[in-house]
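What follows is one structure encoded as structure tokens, with my remarks underneath.
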Amino acid sequence: MTEDLPADPEDARDEGREALLKEVAVPAPKRKRRWILRLALALPPLLALLVFLLPTILSMGWVTRKIEAAAGEKLARRVTLESHSVGWWAPVTCEKLVVYEKDGTTPFLRIDKVVAKLPLKPLLDRNVELESLEITGVEARIVRRRDGSLSTDDLGEQPAPPPSTEPAPAPAPQPAPAPEGGRFRMGRVAMREVSVRFVDETTGRTATATGLTLDAKPGATPDEIVAEVKSKIDVSGAATGTLEAQATLLALDAGRPRAEITGNGSLKFGGLDLAAVANALQPEPGREFRTGACEGTVAFRLDKGGDRTITVDARLPGVVWGDAGQPATLQSPVTVHQALALRNAGRRIDIREMKITLAGADLQVQGSIDLPADDGDTDNPVDLVARFDGETSHFDELFPASVGGQIHKGPLRSTWNIRGKNTDRLAIDGVAEVTSYVFTTVDEAGKESHYKVPHPGFLKFEAHGEVDLKRRELRAAETGRAWASLDGISLDLEMRAPWIQSAEVDLKQIWMQLSVREQVTDIRTLEFILNDGEVRTSGRVLFDAEDPAWTIANRGTHVAYSYVFSKILGLLNPALYATERGQIEADLGWEIDLAGRGFDMERAKKTLTGRGKLALERGTISGSPMLGELFKQLRIGEAAKYEFDGMAQEFRIAEQKVHNEWSKWQGAGKEADLTIAGWTDFEGNMQQRITVEGDPTTRWGKTTGTVVDVLNKAGGLPLGGTVDSPKIDIDYEKALKGAIGGIIEDPKLQEKGRSLLEDLFGKKKKK
């Protein structure tokens with residue numbers, strides 16, 4: 001008999017759990033099928049509705065705000081967009097786009113409307129098919145601020161992130177390369193009603209491009225782009241000019257951007273004041289630059305390998321360039337023809353032909369220049385040949401600042417070779433020669449003097465040395481220095497001419513050597529034969545101030561006197577001044593050491609100092625106003641002529657005067673000896689004193705000899721007036737006192753002596 005055992009509670013719990021798990025794990029087949037069916041029926045309409053509404057969603061205001069924020073962050077400026085719209089069949093449109101200045105209130109760029117026909121479907125395949133793009137109503141305003149910066153300088157400038165104290169994170173793994181981009185197909189692109197205005201707050205000048213239009217479209221193939229640009233240019237104080245440009249460019253390769261763009265194009269301008277544009281965009285304070293209304297063309301070609309060819313032809317009707325308020329450095333109509341080729345990806349400039357034609361002169365340049373590379377390579381050779389030819393008779397009009405007022409005549413030919421390992425330091429070798437040359441001077445009375453190089457003579461200059469442009473750049477930071485234009489210049493200059501002739505002087509075997517070392521110029525030698533005598537000069541010029549300091553040592557031997565020396569020698573010794581009708585026959589010799597500042601005579605006079613000696617041998621003086629006055633006072637006669645065996649003089653120059661310490665004249669034969677001492681200022685006023693030595697009685701007779709003896713005892717004849725109009729004003733009382741004082745004590749005898757001398761002086765007759 002089997003006994004029934006009670007059921008285990010744990011077994012009952014396990015069975016319940018298994019039944020529950022089965023129910024959860026396997027849904028009822030009918031419920032699962034209903035859920036899938038509902039999803040399948042609802043998804044296509046939802047997707048269709050979403051696709052249909054996508055342009056509407058993307059045109060909502062919140063998307064506009066997103067666009068503003070993204071553009072503002074990218075440009076680092078406030079950006080506003082009034083509206084935009086996107087449609088499946090309608091073009092993409094943006095209206096009233098404004099980009100502001102840094103202050104957030106002043107508009108920098110306005111665009112009224114942008115309309116782009118851009119099918120959306122190709123975009124899904126990463127392709128862009130731009131059927132058309134039209135931009136209208138563009139206004140841009142660029143400002144040069146008073147500190148010299150441009151309002152565009154900080155465009156897109158992002159603030160620097162604050163320094164982090166956290167350790168640098170490990171480098172993130174590089175993402176997989178992006179798939180190759182799609183293709184681009186361009187339709188018509190147009191810009192209308194475009195104006196760009198440039199404002200310079202420092203000068204108040206403005207330059208505006210108005211009526212600017214752009215039209216671009218596919219060319220002979222879809223990968224070729226043909227574009228045309230037209231604009232008017234208005235600049236403050238100048239006439240309106242025009243610009244027209246066209247280009248045909250191969251920018252795509254089967255719809256994808258080419259690594260390099262090839263093609264050709266041209267730019268034509270007319271009535272455009274290039275100087276006014278340059279002065280508005282890049283003003284140079286203290287500089288004057290004018291061109292007038294210019295016209296010309298620029299043609300270019302872009303070849304494979306980055307080579308470029310540029311040809312410029314331009315006419316500038318009235319170029320004026322130089323320091324403001326001063327005579328122009330250059331003044332001339334100018335025509336330019338220039339053909340350049342850029343090689344080695346723009347690193348080398350080949351100047352195939354450059355010709356600049358001025359009024360009466362031509363400048364031609366050929367050669368090559370290698371520009372510095374980004375890799376720091378310092379081997380950038382320069383090899384240029386420049387030729388400057390011209391008729392010197394036009395130079396006073398061409399170069400008023402340096403040649404104005406001078407009269408030259410004769411053809412100039414010059415060749416200059418410029419070479420260097422790089423542009424930091426250039427070697428200069430040049431030769432300039434003028435033939436059949438005539439140089440004319442005009443004195444205050446209007447008389448012309450002509451100095452000419454007789455045919456087939458020449459005047460030849462040579463220059464050899466270098467220009468250190470790197471040093472010039474470094475020294476440019478040292479402000480306030482005079483003659484900074486000489487920085488980095490190291491040249492040896494030489495000039496030769498076999499013969500220079502005029503009516504007054506005859507120069508032969510001329511040879512000059514100068515050494516220029518930045519602000520120090522040494523006159524190594526200046527030698528020539530002057531009127532059959534030898535002249536040698538040496539010295540130094542120190543360009544340490546606006547008025548350079550200079551020292552000159554000049555020596556002359558056996559130089560035949562000429563009337564052209566008269567004014568200068570008259571300041572040294574009044575007896576050597578002669579009228580044009582007079583004549584002085586003598587051989588001159590001198591030693592003069594001078595120092596002063598400045599090249600302008602009026603300014604140099606104020607600082608001129610020096611010492612010197614002057615000597616004459618075997619001569620005759622006639623037509624000397626001083627000797628004429630002397631002979632007149634001595635009652636010898638008007639036709640004064642003085643023969644001498646020699647004259648020796650020592651003088652010094654200071655306080656704008658020539659101090660004649662002494663000059664002794666040794667009369668020839670029966671002529672009396674004279675001594676002159678005193679001073680003459682640079683204006684010709686003088687206070688000298690003449691004493692007669694030797695035996696004047698033998699030459700001029702007893703009566704005159706007695707007068708001369710009296711005057712000598714009184715200290716000599718006082719010579720005043722000017723060099724060209726001297727005056728001997730005898731102090732009779734002093735002369736009488738000097739003659740009889742201390743010798744005759746009896747007043748009655750003194751009165752008789754005074755009466756006698758008055759007769760000798762002719763004083764009674766004057767009364």
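Please note that chains go A, B, ... in the order of the structure tokens, that every chain numbers its residues from 1, and that ligands are numbered from 1 in the order shown.
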
Original post:
Got a sec: who's within 8 Å of Thr136 in chain A, counting only C-alpha atoms, leaving out chain neighbours fewer than 4 positions off, as a VMD selection string?
Top reply: chain A and resid 111 to 114 191 to 194

**OP:** Looking only at strand (DSSP E) from DSSP on the backbone, list the matching residues of range 195-236 of chain A as number ranges by chain.
**Re:** A: 195-200, 206-218, 224-235

**OP:** Please identify all polymer residues within 7 Å of Glu462 in chain A, counting only C-alpha atoms, omitting same-chain residues fewer than 5 positions from it, and present them as a PyMOL selection string.
**Re:** chain A and resi 430-432+493-495

**OP:** Report the distance between CA of Gly701 in chain A and CA of Pro625 in chain A in Å, rounded to one decimal place.
**Re:** 22.4 Å

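Summary of the local environment: counting only C-alpha atoms, residues at most 9 Å from Asp673 in chain A, other than itself and those fewer than 6 positions away along its chain, are Phe644, Lys664, Trp665, Gln666, Gly667, Thr691, Val692, Glu693, Gly694, Asp695 and Pro696 of chain A.
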
**OP:** Considering only C-alpha atoms, return as a list of chain:residue names whatever protein or nucleic-acid residues lie within 9 Å of Met686 in chain A, sequence-local ones (same chain, fewer than 3 positions apart) excluded.
**Re:** A:Leu571, A:Pro574, A:Gly678, A:Trp679, A:Thr680, A:Asp681, A:Glu683, A:Leu719, A:Gly720, A:Gly721, A:Thr722, A:Val723, A:Pro726

Take the residues that were just selected and, keeping N, CA, C and O atoms, output them as a PDB file, in the first residue's frame.
ATOM      1  N   LEU A 571      86.924 139.682 -53.841  1.00  0.00           N
ATOM      2  CA  LEU A 571      86.661 139.548 -52.412  1.00  0.00           C
ATOM      3  C   LEU A 571      87.944 139.261 -51.642  1.00  0.00           C
ATOM      4  O   LEU A 571      88.098 139.687 -50.493  1.00  0.00           O
ATOM      5  N   PRO A 574      90.919 143.490 -53.281  1.00  0.00           N
ATOM      6  CA  PRO A 574      90.159 144.439 -54.117  1.00  0.00           C
ATOM      7  C   PRO A 574      90.902 144.890 -55.360  1.00  0.00           C
ATOM      8  O   PRO A 574      90.276 145.301 -56.337  1.00  0.00           O
ATOM      9  N   GLY A 678      93.047 144.640 -44.511  1.00  0.00           N
ATOM     10  CA  GLY A 678      91.713 145.005 -44.044  1.00  0.00           C
ATOM     11  C   GLY A 678      90.740 143.855 -44.241  1.00  0.00           C
ATOM     12  O   GLY A 678      91.138 142.683 -44.182  1.00  0.00           O
ATOM     13  N   TRP A 679      89.487 144.164 -44.486  1.00  0.00           N
ATOM     14  CA  TRP A 679      88.496 143.095 -44.701  1.00  0.00           C
ATOM     15  C   TRP A 679      87.477 143.504 -45.767  1.00  0.00           C
ATOM     16  O   TRP A 679      87.243 144.683 -46.014  1.00  0.00           O
ATOM     17  N   THR A 680      86.875 142.489 -46.371  1.00  0.00           N
ATOM     18  CA  THR A 680      85.793 142.651 -47.342  1.00  0.00           C
ATOM     19  C   THR A 680      84.725 141.620 -47.014  1.00  0.00           C
ATOM     20  O   THR A 680      85.044 140.424 -46.878  1.00  0.00           O
ATOM     21  N   ASP A 681      83.483 142.062 -46.856  1.00  0.00           N
ATOM     22  CA  ASP A 681      82.442 141.070 -46.559  1.00  0.00           C
ATOM     23  C   ASP A 681      81.931 140.438 -47.854  1.00  0.00           C
ATOM     24  O   ASP A 681      82.293 140.846 -48.959  1.00  0.00           O
ATOM     25  N   GLU A 683      79.256 140.617 -49.332  1.00  0.00           N
ATOM     26  CA  GLU A 683      78.445 141.470 -50.195  1.00  0.00           C
ATOM     27  C   GLU A 683      79.295 142.455 -50.978  1.00  0.00           C
ATOM     28  O   GLU A 683      78.774 143.217 -51.787  1.00  0.00           O
ATOM     29  N   LEU A 719      90.494 152.737 -47.561  1.00  0.00           N
ATOM     30  CA  LEU A 719      89.731 152.298 -48.730  1.00  0.00           C
ATOM     31  C   LEU A 719      88.384 151.749 -48.261  1.00  0.00           C
ATOM     32  O   LEU A 719      88.323 150.757 -47.534  1.00  0.00           O
ATOM     33  N   GLY A 720      87.302 152.385 -48.672  1.00  0.00           N
ATOM     34  CA  GLY A 720      85.958 151.950 -48.316  1.00  0.00           C
ATOM     35  C   GLY A 720      85.109 151.716 -49.544  1.00  0.00           C
ATOM     36  O   GLY A 720      85.615 151.422 -50.622  1.00  0.00           O
ATOM     37  N   GLY A 721      83.792 151.824 -49.377  1.00  0.00           N
ATOM     38  CA  GLY A 721      82.879 151.571 -50.482  1.00  0.00           C
ATOM     39  C   GLY A 721      82.720 150.091 -50.731  1.00  0.00           C
ATOM     40  O   GLY A 721      82.727 149.268 -49.808  1.00  0.00           O
ATOM     41  N   THR A 722      82.602 149.718 -52.008  1.00  0.00           N
ATOM     42  CA  THR A 722      82.450 148.312 -52.390  1.00  0.00           C
ATOM     43  C   THR A 722      83.536 147.945 -53.377  1.00  0.00           C
ATOM     44  O   THR A 722      84.234 148.816 -53.913  1.00  0.00           O
ATOM     45  N   VAL A 723      83.665 146.653 -53.634  1.00  0.00           N
ATOM     46  CA  VAL A 723      84.721 146.182 -54.527  1.00  0.00           C
ATOM     47  C   VAL A 723      84.570 146.785 -55.911  1.00  0.00           C
ATOM     48  O   VAL A 723      85.556 147.183 -56.539  1.00  0.00           O
ATOM     49  N   PRO A 726      84.808 151.378 -55.296  1.00  0.00           N
ATOM     50  CA  PRO A 726      85.588 151.729 -54.101  1.00  0.00           C
ATOM     51  C   PRO A 726      85.650 153.244 -53.896  1.00  0.00           C
ATOM     52  O   PRO A 726      85.438 154.031 -54.816  1.00  0.00           O
TER      53      PRO A 726
END

Original post:
What's the 7 Å shell around range 357-368 of chain A, counting only C-alpha atoms, without same-chain residues fewer than 5 positions away, as a ChimeraX atom specification?
Top reply: /A:332-336,348-352,382-391,394,398

**OP:** Could you tell me which of A:Phe399, A:Asp303, A:Arg126, A:Asp323 comes closest to Asn344 in chain A if we count only C-alpha atoms?
**Re:** A:Asp303

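Interatomic distance, CA of Lys657 in chain A to CA of Gly623 in chain A: 24.4 Å.
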
Original post:
Quick one: DSSP alpha helix (DSSP H) residues in range 413-656 of chain A, as a PyMOL selection string?
Top reply: chain A and resi 469-475+566-572+601-605+625-633

Identify, on the basis of only C-alpha atoms, every residue whose closest approach to Thr609 in chain A does not exceed 12 Å; exclude the query and any residue fewer than 2 positions from it along the same chain; express the result as a CSV table (one decimal) with N, CA, C and O atoms, in the first residue's frame.
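Generated file (around-v7.csv):
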chain,number,residue,atom,x,y,z
A,549,ALA,N,78.3,119.1,-43.7
A,549,ALA,CA,79.5,119.8,-43.4
A,549,ALA,C,80.6,119.3,-44.4
A,549,ALA,O,80.6,118.2,-44.8
A,550,TRP,N,81.4,120.3,-44.9
A,550,TRP,CA,82.4,119.9,-45.9
A,550,TRP,C,83.7,120.7,-45.6
A,550,TRP,O,83.7,121.7,-45.0
A,551,THR,N,84.8,120.1,-46.1
A,551,THR,CA,86.1,120.7,-46.0
A,551,THR,C,86.7,120.5,-47.4
A,551,THR,O,86.6,119.4,-48.0
A,552,ILE,N,87.4,121.6,-47.9
A,552,ILE,CA,87.9,121.6,-49.2
A,552,ILE,C,89.3,122.1,-49.1
A,552,ILE,O,89.6,123.1,-48.5
A,592,ILE,N,94.2,127.2,-50.7
A,592,ILE,CA,93.0,127.6,-49.9
A,592,ILE,C,92.4,126.3,-49.2
A,592,ILE,O,92.2,125.3,-49.8
A,593,ASP,N,92.2,126.5,-47.9
A,593,ASP,CA,91.5,125.4,-47.1
A,593,ASP,C,90.2,126.0,-46.6
A,593,ASP,O,90.3,127.0,-45.8
A,594,LEU,N,89.1,125.4,-46.9
A,594,LEU,CA,87.8,125.9,-46.6
A,594,LEU,C,87.0,124.9,-45.8
A,594,LEU,O,87.2,123.7,-46.0
A,595,ALA,N,86.1,125.4,-45.0
A,595,ALA,CA,85.1,124.5,-44.3
A,595,ALA,C,83.8,125.3,-44.1
A,595,ALA,O,83.8,126.5,-44.0
A,596,GLY,N,82.7,124.5,-44.2
A,596,GLY,CA,81.4,125.1,-44.1
A,596,GLY,C,80.3,124.1,-44.1
A,596,GLY,O,80.6,122.9,-44.0
A,597,ARG,N,79.1,124.6,-44.2
A,597,ARG,CA,77.9,123.7,-44.2
A,597,ARG,C,77.0,124.2,-45.3
A,597,ARG,O,76.8,125.3,-45.5
A,604,ALA,N,75.6,128.7,-47.1
A,604,ALA,CA,77.0,128.3,-46.8
A,604,ALA,C,77.8,129.5,-46.3
A,604,ALA,O,78.7,129.4,-45.5
A,605,LYS,N,77.4,130.7,-46.8
A,605,LYS,CA,78.1,131.9,-46.4
A,605,LYS,C,78.2,132.1,-44.9
A,605,LYS,O,79.1,132.6,-44.3
A,606,LYS,N,77.1,131.7,-44.2
A,606,LYS,CA,77.0,131.9,-42.8
A,606,LYS,C,77.9,131.0,-42.0
A,606,LYS,O,78.2,131.4,-40.8
A,607,THR,N,78.4,130.0,-42.5
A,607,THR,CA,79.3,129.0,-41.8
A,607,THR,C,80.7,128.9,-42.4
A,607,THR,O,81.5,128.2,-41.8
A,611,ARG,N,91.4,129.5,-44.4
A,611,ARG,CA,92.6,130.2,-44.5
A,611,ARG,C,93.2,130.0,-45.9
A,611,ARG,O,92.9,129.0,-46.5
A,612,GLY,N,94.0,130.9,-46.4
A,612,GLY,CA,94.6,130.7,-47.7
A,612,GLY,C,95.8,131.7,-48.0
A,612,GLY,O,96.0,132.7,-47.3
A,651,PHE,N,95.3,135.4,-46.1
A,651,PHE,CA,94.0,135.8,-45.7
A,651,PHE,C,93.3,134.7,-44.9
A,651,PHE,O,93.8,133.6,-44.9
A,652,ARG,N,92.3,135.1,-44.2
A,652,ARG,CA,91.5,134.1,-43.5
A,652,ARG,C,90.0,134.5,-43.7
A,652,ARG,O,89.7,135.7,-44.0
A,653,ILE,N,89.1,133.5,-43.6
A,653,ILE,CA,87.7,133.8,-43.8
A,653,ILE,C,86.9,133.4,-42.5
A,653,ILE,O,87.1,132.3,-42.0
A,654,ALA,N,86.2,134.3,-42.1
A,654,ALA,CA,85.4,134.1,-40.8
A,654,ALA,C,84.3,135.2,-40.7
A,654,ALA,O,84.5,136.3,-41.3
A,655,GLU,N,83.3,135.0,-40.1
A,655,GLU,CA,82.2,135.9,-39.8
A,655,GLU,C,81.7,136.6,-41.1
A,655,GLU,O,81.4,137.8,-41.1
A,656,GLN,N,81.6,135.8,-42.1
A,656,GLN,CA,81.1,136.3,-43.4
A,656,GLN,C,81.9,137.4,-44.0
A,656,GLN,O,81.5,138.3,-44.7
A,657,LYS,N,83.2,137.3,-43.7
A,657,LYS,CA,84.2,138.3,-44.2
A,657,LYS,C,85.5,137.6,-44.7
A,657,LYS,O,85.8,136.6,-44.1
A,658,VAL,N,86.2,138.2,-45.6
A,658,VAL,CA,87.5,137.8,-46.0
A,658,VAL,C,88.5,138.8,-45.3
A,658,VAL,O,88.4,140.0,-45.7
A,659,HIS,N,89.2,138.3,-44.4
A,659,HIS,CA,90.2,139.2,-43.7
A,659,HIS,C,91.5,139.2,-44.4
A,659,HIS,O,92.2,138.1,-44.3

Original post:
Between A:Leu81, A:Val467, A:Ile584, A:Ala714, which one has atoms that come closest to Ile418 in chain A, using only C-alpha atoms?
Top reply: A:Val467
